[in-house]
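Source file: my_file_30.json. Holds: JSON, C-alpha atoms.
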```json
[["chain", "number", "residue", "atom", "x", "y", "z"],
["T", 1, "MET", "CA", 137.73, 151.47, 148.42],
["T", 2, "ALA", "CA", 138.55, 147.79, 148.29],
["T", 3, "ASP", "CA", 136.50, 147.24, 151.43],
["T", 4, "ASN", "CA", 133.51, 148.98, 149.88],
["T", 5, "ARG", "CA", 133.00, 146.40, 147.20],
["T", 6, "SER", "CA", 129.47, 145.12, 147.15],
["T", 7, "GLY", "CA", 128.22, 141.65, 146.31],
["T", 8, "ALA", "CA", 127.19, 143.00, 142.91],
["T", 9, "ALA", "CA", 130.74, 144.17, 142.35],
["T", 10, "HIS", "CA", 132.07, 140.70, 143.04],
["T", 11, "GLU", "CA", 129.50, 139.25, 140.67],
["T", 12, "VAL", "CA", 130.34, 141.68, 137.87],
["T", 13, "ALA", "CA", 134.07, 141.16, 138.40],
["T", 14, "HIS", "CA", 133.52, 137.43, 138.09],
["T", 15, "GLN", "CA", 131.50, 137.88, 134.89],
["T", 16, "GLU", "CA", 134.28, 140.04, 133.43],
["T", 17, "HIS", "CA", 136.59, 137.03, 133.49],
["T", 18, "GLY", "CA", 134.11, 134.82, 131.61],
["T", 19, "HIS", "CA", 136.10, 135.31, 128.41],
["T", 20, "PRO", "CA", 136.29, 132.77, 125.59],
["T", 21, "GLY", "CA", 139.20, 130.35, 125.25],
["T", 22, "ALA", "CA", 142.12, 130.12, 122.82],
["T", 23, "ARG", "CA", 140.10, 127.98, 120.40],
["T", 24, "THR", "CA", 137.47, 130.72, 119.94],
["T", 25, "TYR", "CA", 140.17, 133.38, 119.56],
["T", 26, "ILE", "CA", 141.90, 131.37, 116.82],
["T", 27, "MET", "CA", 138.59, 130.75, 115.03],
["T", 28, "VAL", "CA", 137.87, 134.49, 115.08],
["T", 29, "ALA", "CA", 141.36, 135.19, 113.69],
["T", 30, "LEU", "CA", 140.71, 132.69, 110.91],
["T", 31, "VAL", "CA", 137.41, 134.35, 110.00],
["T", 32, "LEU", "CA", 139.08, 137.80, 110.10],
["T", 33, "THR", "CA", 141.77, 136.54, 107.71],
["T", 34, "ILE", "CA", 139.21, 135.10, 105.31],
["T", 35, "ILE", "CA", 137.17, 138.32, 105.33],
["T", 36, "THR", "CA", 140.31, 140.41, 104.68],
["T", 37, "ALA", "CA", 141.26, 138.15, 101.76],
["T", 38, "ALA", "CA", 137.70, 138.47, 100.41],
["T", 39, "GLU", "CA", 137.88, 142.28, 100.71],
["T", 40, "VAL", "CA", 141.09, 142.44, 98.70],
["T", 41, "ALA", "CA", 139.76, 139.97, 96.12],
["T", 42, "VAL", "CA", 136.49, 141.82, 95.45],
["T", 43, "ALA", "CA", 138.39, 145.12, 95.11],
["T", 44, "TYR", "CA", 140.06, 143.64, 91.98],
["T", 45, "VAL", "CA", 136.83, 142.47, 90.30],
["T", 46, "PRO", "CA", 135.77, 145.16, 87.76],
["T", 47, "SER", "CA", 132.20, 143.84, 87.44],
["T", 48, "LEU", "CA", 131.63, 144.47, 91.16],
["T", 49, "ARG", "CA", 132.52, 148.20, 90.87],
["T", 50, "PRO", "CA", 128.91, 149.45, 91.13],
["T", 51, "VAL", "CA", 128.35, 147.61, 94.43],
["T", 52, "LEU", "CA", 131.93, 147.56, 95.69],
["T", 53, "ALA", "CA", 131.37, 150.19, 98.38],
["T", 54, "TYR", "CA", 128.42, 148.24, 99.87],
["T", 55, "ILE", "CA", 130.33, 144.94, 99.84],
["T", 56, "LEU", "CA", 133.49, 146.41, 101.39],
["T", 57, "ILE", "CA", 131.65, 148.34, 104.08],
["T", 58, "THR", "CA", 129.62, 145.24, 105.01],
["T", 59, "LEU", "CA", 132.76, 143.07, 105.23],
["T", 60, "SER", "CA", 134.58, 145.75, 107.19],
["T", 61, "ALA", "CA", 131.65, 146.07, 109.62],
["T", 62, "ALA", "CA", 131.73, 142.29, 110.15],
["T", 63, "LYS", "CA", 135.45, 142.45, 111.02],
["T", 64, "PHE", "CA", 134.85, 145.38, 113.34],
["T", 65, "ALA", "CA", 132.03, 143.53, 115.12],
["T", 66, "LEU", "CA", 134.13, 140.36, 115.56],
["T", 67, "VAL", "CA", 137.07, 142.23, 117.10],
["T", 68, "VAL", "CA", 134.85, 144.31, 119.40],
["T", 69, "MET", "CA", 132.68, 141.38, 120.52],
["T", 70, "TYR", "CA", 135.32, 138.68, 120.97],
["T", 71, "TYR", "CA", 138.72, 140.31, 121.36],
["T", 72, "MET", "CA", 137.49, 143.36, 123.29],
["T", 73, "HIS", "CA", 135.03, 141.08, 125.15],
["T", 74, "LEU", "CA", 131.99, 143.35, 124.79],
["T", 75, "LYS", "CA", 129.87, 140.25, 124.09],
["T", 76, "PHE", "CA", 130.79, 138.90, 127.51],
["T", 77, "ASP", "CA", 131.30, 142.03, 129.65],
["T", 78, "SER", "CA", 128.75, 144.32, 131.26],
["T", 79, "ARG", "CA", 126.41, 146.15, 128.88],
["T", 80, "ILE", "CA", 127.50, 149.41, 130.50],
["T", 81, "PHE", "CA", 130.88, 149.06, 128.75],
["T", 82, "SER", "CA", 129.03, 148.55, 125.46],
["T", 83, "GLY", "CA", 127.01, 151.71, 126.08],
["T", 84, "VAL", "CA", 130.05, 153.78, 127.06],
["T", 85, "PHE", "CA", 131.73, 152.77, 123.79],
["T", 86, "LEU", "CA", 128.79, 152.60, 121.39],
["T", 87, "ALA", "CA", 127.29, 156.01, 122.26],
["T", 88, "PRO", "CA", 130.33, 158.06, 121.14],
["T", 89, "PHE", "CA", 131.07, 155.56, 118.37],
["T", 90, "SER", "CA", 127.56, 156.06, 116.94],
["T", 91, "LEU", "CA", 128.11, 159.81, 117.06],
["T", 92, "ALA", "CA", 131.46, 159.34, 115.29],
["T", 93, "LEU", "CA", 129.79, 157.24, 112.59],
["T", 94, "LEU", "CA", 127.07, 159.88, 112.19],
["T", 95, "VAL", "CA", 129.72, 162.60, 111.74],
["T", 96, "VAL", "CA", 131.46, 160.64, 108.96],
["T", 97, "VAL", "CA", 128.21, 159.77, 107.16],
["T", 98, "ALA", "CA", 126.79, 163.31, 107.48],
["T", 99, "LEU", "CA", 129.95, 164.96, 106.13],
["T", 100, "VAL", "CA", 130.25, 162.52, 103.23],
["T", 101, "ILE", "CA", 126.59, 163.08, 102.29],
["T", 102, "LEU", "CA", 126.97, 166.85, 102.63],
["T", 103, "PHE", "CA", 130.19, 167.23, 100.65],
["T", 104, "LYS", "CA", 130.10, 164.29, 98.24],
["T", 105, "LEU", "CA", 126.54, 163.26, 97.53],
["T", 106, "ILE", "CA", 124.72, 166.60, 97.49],
["T", 107, "PRO", "CA", 125.85, 168.55, 94.39],
["T", 108, "PHE", "CA", 127.01, 172.20, 94.51],
["T", 109, "VAL", "CA", 127.50, 172.38, 98.29],
["Y", 1, "MET", "CA", 151.86, 151.99, 134.29],
["Y", 2, "ASN", "CA", 152.35, 152.03, 138.04],
["Y", 3, "HIS", "CA", 148.99, 153.75, 138.35],
["Y", 4, "ALA", "CA", 147.52, 151.09, 136.12],
["Y", 5, "ALA", "CA", 149.02, 148.31, 138.15],
["Y", 6, "ALA", "CA", 147.87, 149.98, 141.36],
["Y", 7, "ALA", "CA", 144.36, 150.35, 139.99],
["Y", 8, "SER", "CA", 144.17, 146.70, 139.07],
["Y", 9, "SER", "CA", 145.56, 145.38, 142.30],
["Y", 10, "ASP", "CA", 143.47, 147.70, 144.50],
["Y", 11, "HIS", "CA", 140.28, 146.76, 142.61],
["Y", 12, "HIS", "CA", 138.50, 150.11, 142.61],
["Y", 13, "TYR", "CA", 134.87, 149.65, 141.69],
["Y", 14, "THR", "CA", 132.17, 152.16, 140.80],
["Y", 15, "ALA", "CA", 128.64, 152.09, 142.25],
["Y", 16, "THR", "CA", 127.69, 150.00, 139.19],
["Y", 17, "GLY", "CA", 130.09, 147.28, 140.31],
["Y", 18, "LEU", "CA", 132.39, 147.93, 137.36],
["Y", 19, "ASN", "CA", 136.09, 148.59, 137.65],
["Y", 20, "THR", "CA", 136.90, 152.32, 137.41],
["Y", 21, "PHE", "CA", 140.10, 151.79, 135.43],
["Y", 22, "LYS", "CA", 138.38, 149.71, 132.77],
["Y", 23, "LEU", "CA", 135.30, 151.96, 132.63],
["Y", 24, "GLY", "CA", 137.52, 155.04, 132.29],
["Y", 25, "PHE", "CA", 139.48, 153.39, 129.52],
["Y", 26, "TRP", "CA", 136.34, 152.54, 127.58],
["Y", 27, "THR", "CA", 135.41, 156.23, 127.87],
["Y", 28, "LEU", "CA", 138.81, 157.15, 126.43],
["Y", 29, "ILE", "CA", 138.27, 154.71, 123.56],
["Y", 30, "GLY", "CA", 134.90, 156.36, 122.89],
["Y", 31, "SER", "CA", 136.53, 159.79, 122.65],
["Y", 32, "GLU", "CA", 139.30, 158.38, 120.47],
["Y", 33, "SER", "CA", 136.59, 157.10, 118.08],
["Y", 34, "LEU", "CA", 135.45, 160.70, 117.60],
["Y", 35, "PHE", "CA", 139.04, 161.83, 117.05],
["Y", 36, "PHE", "CA", 139.65, 159.28, 114.29],
["Y", 37, "ALA", "CA", 136.19, 159.91, 112.82],
["Y", 38, "SER", "CA", 137.17, 163.56, 112.32],
["Y", 39, "LEU", "CA", 140.38, 162.54, 110.52],
["Y", 40, "ILE", "CA", 138.61, 159.94, 108.36],
["Y", 41, "SER", "CA", 135.88, 162.47, 107.52],
["Y", 42, "THR", "CA", 138.50, 165.00, 106.45],
["Y", 43, "TYR", "CA", 140.10, 162.44, 104.13],
["Y", 44, "MET", "CA", 136.73, 161.45, 102.65],
["Y", 45, "VAL", "CA", 135.63, 165.07, 102.13],
["Y", 46, "TYR", "CA", 138.86, 165.96, 100.29],
["Y", 47, "LYS", "CA", 138.96, 162.70, 98.35],
["Y", 48, "GLY", "CA", 139.37, 163.40, 94.63],
["Y", 49, "GLU", "CA", 139.85, 167.14, 95.22],
["Y", 50, "SER", "CA", 143.60, 167.22, 94.56],
["Y", 51, "VAL", "CA", 144.41, 169.26, 91.44],
["Y", 52, "ARG", "CA", 147.88, 167.78, 91.03],
["Y", 53, "GLY", "CA", 149.45, 164.41, 91.71],
["Y", 54, "PRO", "CA", 150.58, 162.05, 92.91],
["Y", 55, "PHE", "CA", 147.07, 160.67, 93.33],
["Y", 56, "PRO", "CA", 146.16, 157.64, 95.48],
["Y", 57, "SER", "CA", 146.09, 155.28, 92.47],
["Y", 58, "ASP", "CA", 149.66, 156.37, 91.61],
["Y", 59, "VAL", "CA", 151.18, 155.43, 94.96],
["Y", 60, "PHE", "CA", 149.02, 152.91, 96.83],
["Y", 61, "ASN", "CA", 150.47, 149.41, 97.08],
["Y", 62, "ILE", "CA", 147.49, 147.23, 98.00],
["Y", 63, "PRO", "CA", 149.44, 143.93, 98.38],
["Y", 64, "LEU", "CA", 151.80, 145.56, 100.91],
["Y", 65, "THR", "CA", 148.94, 147.19, 102.82],
["Y", 66, "SER", "CA", 146.99, 143.91, 102.80],
["Y", 67, "PHE", "CA", 150.03, 142.22, 104.34],
["Y", 68, "SER", "CA", 150.35, 144.87, 107.05],
["Y", 69, "THR", "CA", 146.59, 144.61, 107.73],
["Y", 70, "PHE", "CA", 146.97, 140.85, 108.17],
["Y", 71, "VAL", "CA", 149.92, 141.41, 110.53],
["Y", 72, "LEU", "CA", 147.91, 143.83, 112.69],
["Y", 73, "LEU", "CA", 144.93, 141.43, 112.80],
["Y", 74, "MET", "CA", 147.20, 138.59, 113.90],
["Y", 75, "SER", "CA", 148.74, 140.84, 116.56],
["Y", 76, "SER", "CA", 145.24, 141.17, 118.03],
["Y", 77, "LEU", "CA", 145.04, 137.37, 118.27],
["Y", 78, "MET", "CA", 148.38, 137.35, 120.09],
["Y", 79, "MET", "CA", 147.17, 140.06, 122.44],
["Y", 80, "VAL", "CA", 144.17, 138.00, 123.58],
["Y", 81, "LEU", "CA", 146.41, 134.95, 123.97],
["Y", 82, "ALA", "CA", 148.75, 137.09, 126.12],
["Y", 83, "LEU", "CA", 145.81, 138.17, 128.28],
["Y", 84, "ALA", "CA", 144.66, 134.56, 128.67],
["Y", 85, "ALA", "CA", 148.21, 133.56, 129.69],
["Y", 86, "VAL", "CA", 148.41, 136.37, 132.27],
["Y", 87, "GLN", "CA", 144.98, 135.41, 133.68],
["Y", 88, "ARG", "CA", 146.19, 131.81, 134.14],
["Y", 89, "GLY", "CA", 149.44, 133.01, 135.73],
["Y", 90, "ASP", "CA", 151.41, 131.41, 132.88],
["Y", 91, "ARG", "CA", 154.66, 133.42, 132.87],
["Y", 92, "LYS", "CA", 156.18, 131.74, 129.80],
["Y", 93, "GLY", "CA", 153.01, 132.24, 127.79],
["Y", 94, "SER", "CA", 152.73, 135.86, 128.92],
["Y", 95, "LEU", "CA", 156.31, 136.57, 127.85],
["Y", 96, "LEU", "CA", 155.88, 134.84, 124.50],
["Y", 97, "TRP", "CA", 152.57, 136.40, 123.46],
["Y", 98, "LEU", "CA", 153.33, 139.91, 124.74],
["Y", 99, "PHE", "CA", 156.60, 139.86, 122.82],
["Y", 100, "MET", "CA", 154.93, 138.50, 119.66],
["Y", 101, "THR", "CA", 152.24, 141.20, 119.84],
["Y", 102, "ALA", "CA", 154.89, 143.91, 120.15],
["Y", 103, "LEU", "CA", 156.90, 142.30, 117.34],
["Y", 104, "PHE", "CA", 153.92, 142.20, 114.97],
["Y", 105, "GLY", "CA", 153.09, 145.80, 115.90],
["Y", 106, "SER", "CA", 156.68, 146.71, 115.01],
["Y", 107, "ILE", "CA", 156.40, 144.89, 111.66],
["Y", 108, "PHE", "CA", 153.26, 146.93, 110.94],
["Y", 109, "LEU", "CA", 155.17, 150.13, 111.77],
["Y", 110, "GLY", "CA", 158.03, 148.99, 109.52],
["Y", 111, "CYS", "CA", 155.57, 148.53, 106.63],
["Y", 112, "GLN", "CA", 154.18, 152.00, 107.28],
["Y", 113, "ALA", "CA", 157.66, 153.54, 107.38],
["Y", 114, "TYR", "CA", 158.48, 151.82, 104.06],
["Y", 115, "GLU", "CA", 155.21, 153.06, 102.57],
["Y", 116, "PHE", "CA", 155.78, 156.65, 103.72],
["Y", 117, "THR", "CA", 159.33, 156.60, 102.31],
["Y", 118, "HIS", "CA", 158.05, 155.22, 99.00],
["Y", 119, "PHE", "CA", 155.40, 157.96, 98.85],
["Y", 120, "TYR", "CA", 158.01, 160.62, 99.61],
["Y", 121, "HIS", "CA", 160.22, 159.39, 96.75],
["Y", 122, "ALA", "CA", 157.15, 159.41, 94.48],
["Y", 123, "GLY", "CA", 156.78, 163.13, 95.25],
["Y", 124, "LEU", "CA", 154.00, 162.95, 97.83],
["Y", 125, "THR", "CA", 154.57, 164.94, 101.00],
["Y", 126, "LEU", "CA", 152.37, 166.55, 103.63],
["Y", 127, "GLY", "CA", 152.24, 169.75, 101.57],
["Y", 128, "THR", "CA", 151.99, 168.36, 98.02],
["Y", 129, "ASN", "CA", 148.19, 168.27, 97.77],
["Y", 130, "VAL", "CA", 145.09, 167.69, 99.91],
["Y", 131, "PHE", "CA", 145.44, 163.94, 99.44],
["Y", 132, "GLY", "CA", 148.96, 164.06, 100.91],
["Y", 133, "SER", "CA", 147.89, 166.27, 103.82],
["Y", 134, "SER", "CA", 144.82, 164.28, 104.82],
["Y", 135, "PHE", "CA", 146.46, 160.88, 104.18],
["Y", 136, "PHE", "CA", 149.65, 161.52, 106.16],
["Y", 137, "ILE", "CA", 147.80, 163.12, 109.08],
["Y", 138, "LEU", "CA", 145.30, 160.23, 109.34],
["Y", 139, "THR", "CA", 147.73, 157.34, 108.92],
["Y", 140, "GLY", "CA", 150.47, 159.19, 110.83],
["Y", 141, "PHE", "CA", 148.25, 159.59, 113.89],
["Y", 142, "HIS", "CA", 147.26, 155.94, 113.62],
["Y", 143, "GLY", "CA", 150.93, 154.94, 113.38],
["Y", 144, "ALA", "CA", 151.70, 157.06, 116.46],
["Y", 145, "HIS", "CA", 148.98, 155.17, 118.34],
["Y", 146, "VAL", "CA", 150.50, 151.84, 117.24],
["Y", 147, "LEU", "CA", 153.93, 153.06, 118.41],
["Y", 148, "MET", "CA", 152.50, 153.97, 121.83],
["Y", 149, "GLY", "CA", 150.88, 150.52, 121.97],
["Y", 150, "VAL", "CA", 154.18, 148.79, 121.16],
["Y", 151, "ILE", "CA", 155.94, 150.78, 123.92],
["Y", 152, "TRP", "CA", 153.16, 149.88, 126.38],
["Y", 153, "LEU", "CA", 153.44, 146.18, 125.44],
["Y", 154, "LEU", "CA", 157.22, 146.21, 125.84],
["Y", 155, "ILE", "CA", 156.87, 147.76, 129.31],
["Y", 156, "LEU", "CA", 154.46, 144.94, 130.23],
["Y", 157, "TRP", "CA", 156.89, 142.42, 128.75],
["Y", 158, "VAL", "CA", 159.75, 143.77, 130.90],
["Y", 159, "GLN", "CA", 157.47, 143.59, 133.95],
["Y", 160, "ALA", "CA", 156.66, 139.96, 133.08],
["Y", 161, "LEU", "CA", 160.37, 139.25, 132.59],
["Y", 162, "ARG", "CA", 161.08, 140.59, 136.09],
["Y", 163, "GLY", "CA", 158.28, 138.48, 137.51],
["Y", 164, "GLN", "CA", 156.21, 141.59, 138.32],
["Y", 165, "LEU", "CA", 153.25, 140.67, 136.10],
["Y", 166, "GLY", "CA", 151.06, 137.99, 137.60],
["Y", 167, "ALA", "CA", 147.43, 136.94, 137.48],
["Y", 168, "LYS", "CA", 146.57, 139.82, 139.86],
["Y", 169, "ASP", "CA", 147.65, 142.25, 137.11],
["Y", 170, "ALA", "CA", 145.34, 140.74, 134.48],
["Y", 171, "LEU", "CA", 143.23, 143.91, 134.39],
["Y", 172, "THR", "CA", 146.28, 146.01, 133.46],
["Y", 173, "VAL", "CA", 146.97, 143.66, 130.53],
["Y", 174, "GLU", "CA", 143.28, 143.60, 129.58],
["Y", 175, "VAL", "CA", 143.20, 147.41, 129.35],
["Y", 176, "ALA", "CA", 146.40, 147.41, 127.28],
["Y", 177, "GLY", "CA", 144.63, 144.86, 125.09],
["Y", 178, "LEU", "CA", 141.59, 147.14, 124.72],
["Y", 179, "TYR", "CA", 143.90, 149.88, 123.47],
["Y", 180, "TRP", "CA", 145.60, 147.49, 121.06],
["Y", 181, "HIS", "CA", 142.34, 146.15, 119.64],
["Y", 182, "PHE", "CA", 141.01, 149.69, 119.26],
["Y", 183, "VAL", "CA", 144.07, 150.55, 117.14],
["Y", 184, "ASP", "CA", 143.23, 147.43, 115.12],
["Y", 185, "ILE", "CA", 139.59, 148.40, 114.49],
["Y", 186, "VAL", "CA", 140.63, 151.90, 113.43],
["Y", 187, "TRP", "CA", 142.92, 150.27, 110.87],
["Y", 188, "ILE", "CA", 140.06, 148.03, 109.67],
["Y", 189, "ALA", "CA", 138.16, 151.23, 108.81],
["Y", 190, "ILE", "CA", 141.21, 152.95, 107.26],
["Y", 191, "PHE", "CA", 142.09, 149.92, 105.11],
["Y", 192, "THR", "CA", 138.59, 149.75, 103.65],
["Y", 193, "LEU", "CA", 137.74, 153.43, 103.29],
["Y", 194, "ILE", "CA", 141.13, 154.81, 102.27],
["Y", 195, "TYR", "CA", 142.92, 151.99, 100.46],
["Y", 196, "LEU", "CA", 140.30, 149.67, 98.97],
["Y", 197, "LEU", "CA", 137.64, 152.26, 98.14],
["Y", 198, "ASP", "CA", 140.08, 154.33, 96.13]]
```
What's the structure tokens form of this structure?
Amino acid sequence: MADNRSGAAHEVAHQEHGHPGARTYIMVALVLTIITAAEVAVAYVPSLRPVLAYILITLSAAKFALVVMYYMHLKFDSRIFSGVFLAPFSLALLVVVALVILFKLIPFV
Amino acid sequence: MNHAAAASSDHHYTATGLNTFKLGFWTLIGSESLFFASLISTYMVYKGESVRGPFPSDVFNIPLTSFSTFVLLMSSLMMVLALAAVQRGDRKGSLLWLFMTALFGSIFLGCQAYEFTHFYHAGLTLGTNVFGSSFFILTGFHGAHVLMGVIWLLILWVQALRGQLGAKDALTVEVAGLYWHFVDIVWIAIFTLIYLLD
């Protein structure tokens, strides 16, 4: 198999190692920490109760995106990896949203 | 692990030019997303349906969970630093960051064990109410994934200690990292949806 590698394979393999450096990783960790602190802080603010779910889900999505893009390297790797992950993940998200709408938001189901 | 190491050193590539080991692992992560989505959905559907306590507001300790969330996020930073060290062939760095990742994962598990014990003493068990059932199954499965990750990291650490983990094995460490970060993103969702959106 090793002998069957094509030029494209070499190229992709090279691209896979084009990962960010320690400085970027630490910056991402710093942003993740700040977002987590913000999440906990807003959860304790009574006046934000009506919009709390929207704020928390947005902040959580930002953390998710940072980890997936920078730590899991999807921003730098082949788009095929992104597709292989995002297709089932989108389905998973749809399942959660559909069940919550069906059982929690539509009355008398 | 030997299969993993073999896969990385033999460099098996698909017709797309992508490594089969890494592509297969991303597929596994995709299926794991559906698995955790089913558990999170179950918790959300049964949320507020318990007819007797303890209820989430009676037992949740947000400061403790925030701390364990921070620990798990920082373990992800250490994991990428471990991968960078392995890619450079830096043995000392590999040993340090792999060990620190496993240590932070263990601290997270310790927090979870403390939390579960606290809940048990507060009268919440798997069979107390639907909150207990759905909560323990969701967080228990997540904890089991973290435990598997810690074991995997310790195996890599022992390999690094024996000088068997070099730059040629970077893909093995990268895939272990993918697993670790996936466990982290699942917790990001659990922390928000289960703990903060009580």
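The spacing separating CA of Trp157 in chain Y from CA of Leu77 in chain Y amounts to 16.6 Å.
Of the residues listed (Y:His121, Y:Arg162, Y:Lys92, Y:Lys47), Y:Lys47 shows the shortest atom-to-atom separation from chain T; distances use all atoms listed in the file.
Take CA of Asn61 in chain Y and CA of Ala43 in chain T: the distance between them is 13.0 Å.
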Checklist outcome for this item: Atom pair CA of Val31 in chain T + CA of Ser76 in chain Y, distance 13.1 Å
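For the residues T:Ile80, T:Ile101, T:Val96, T:Leu59, ranking by smallest atom-to-atom distance to Thr16 in chain Y using all atoms listed in the file places T:Ile80 first.
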Checklist entry - Using all atoms listed in the file, which chain T residues lie at most 7 Å away from chain Y, written as a PyMOL selection string? => result chain T and resi 1-2+5+8-9+12+22+25-26+29+33+43+53+56+60+64+71-72+81+84-85+88-89+92-93+96+99-100+103-104
Taking the partial coordinates given, rebuild range 119-126 of chain Y to contain all heavy atoms; return it as a CSV table (one decimal), keeping the file's coordinate frame.
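As written to disk, part_31.csv reads:
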```
chain,number,residue,atom,x,y,z
Y,119,PHE,N,156.3,156.8,99.3
Y,119,PHE,CA,155.4,158.0,98.8
Y,119,PHE,C,156.2,159.2,98.7
Y,119,PHE,O,156.0,160.0,97.8
Y,119,PHE,CB,154.3,158.2,99.9
Y,119,PHE,CG,153.2,157.2,99.8
Y,119,PHE,CD1,153.3,156.0,99.1
Y,119,PHE,CD2,152.0,157.3,100.6
Y,119,PHE,CE1,152.3,155.0,99.0
Y,119,PHE,CE2,151.0,156.3,100.6
Y,119,PHE,CZ,151.2,155.2,99.8
Y,120,TYR,N,157.2,159.4,99.6
Y,120,TYR,CA,158.0,160.6,99.6
Y,120,TYR,C,158.8,160.6,98.3
Y,120,TYR,O,159.0,161.7,97.7
Y,120,TYR,CB,158.9,160.6,100.9
Y,120,TYR,CG,159.9,161.8,100.9
Y,120,TYR,CD1,159.5,163.1,101.2
Y,120,TYR,CD2,161.2,161.6,100.5
Y,120,TYR,CE1,160.4,164.2,101.2
Y,120,TYR,CE2,162.1,162.7,100.5
Y,120,TYR,CZ,161.7,163.9,100.9
Y,120,TYR,OH,162.6,165.0,100.9
Y,121,HIS,N,159.4,159.5,98.0
Y,121,HIS,CA,160.2,159.4,96.8
Y,121,HIS,C,159.4,159.5,95.5
Y,121,HIS,O,159.9,159.9,94.4
Y,121,HIS,CB,161.0,158.1,96.7
Y,121,HIS,CG,162.1,158.1,97.7
Y,121,HIS,ND1,163.1,159.0,97.8
Y,121,HIS,CD2,162.4,157.2,98.7
Y,121,HIS,CE1,164.0,158.7,98.8
Y,121,HIS,NE2,163.5,157.7,99.4
Y,122,ALA,N,158.1,159.2,95.6
Y,122,ALA,CA,157.2,159.4,94.5
Y,122,ALA,C,156.7,160.9,94.4
Y,122,ALA,O,155.9,161.2,93.5
Y,122,ALA,CB,156.0,158.5,94.6
Y,123,GLY,N,157.1,161.7,95.3
Y,123,GLY,CA,156.8,163.1,95.2
Y,123,GLY,C,155.6,163.5,96.1
Y,123,GLY,O,155.1,164.7,96.0
Y,124,LEU,N,155.1,162.6,97.0
Y,124,LEU,CA,154.0,163.0,97.8
Y,124,LEU,C,154.5,163.3,99.2
Y,124,LEU,O,155.1,162.5,99.9
Y,124,LEU,CB,153.0,161.8,97.9
Y,124,LEU,CG,151.7,162.0,98.7
Y,124,LEU,CD1,150.8,162.9,97.9
Y,124,LEU,CD2,151.0,160.7,99.0
Y,125,THR,N,154.2,164.5,99.6
Y,125,THR,CA,154.6,164.9,101.0
Y,125,THR,C,153.3,165.5,101.7
Y,125,THR,O,152.3,165.6,101.0
Y,125,THR,CB,155.7,166.0,101.0
Y,125,THR,OG1,155.2,167.2,100.4
Y,125,THR,CG2,156.9,165.5,100.3
Y,126,LEU,N,153.5,166.0,102.9
Y,126,LEU,CA,152.4,166.6,103.6
Y,126,LEU,C,151.8,167.8,102.9
Y,126,LEU,O,150.6,168.1,103.1
Y,126,LEU,CB,152.9,166.9,105.0
Y,126,LEU,CG,151.8,167.1,106.1
Y,126,LEU,CD1,151.0,165.8,106.4
Y,126,LEU,CD2,152.5,167.5,107.4
```
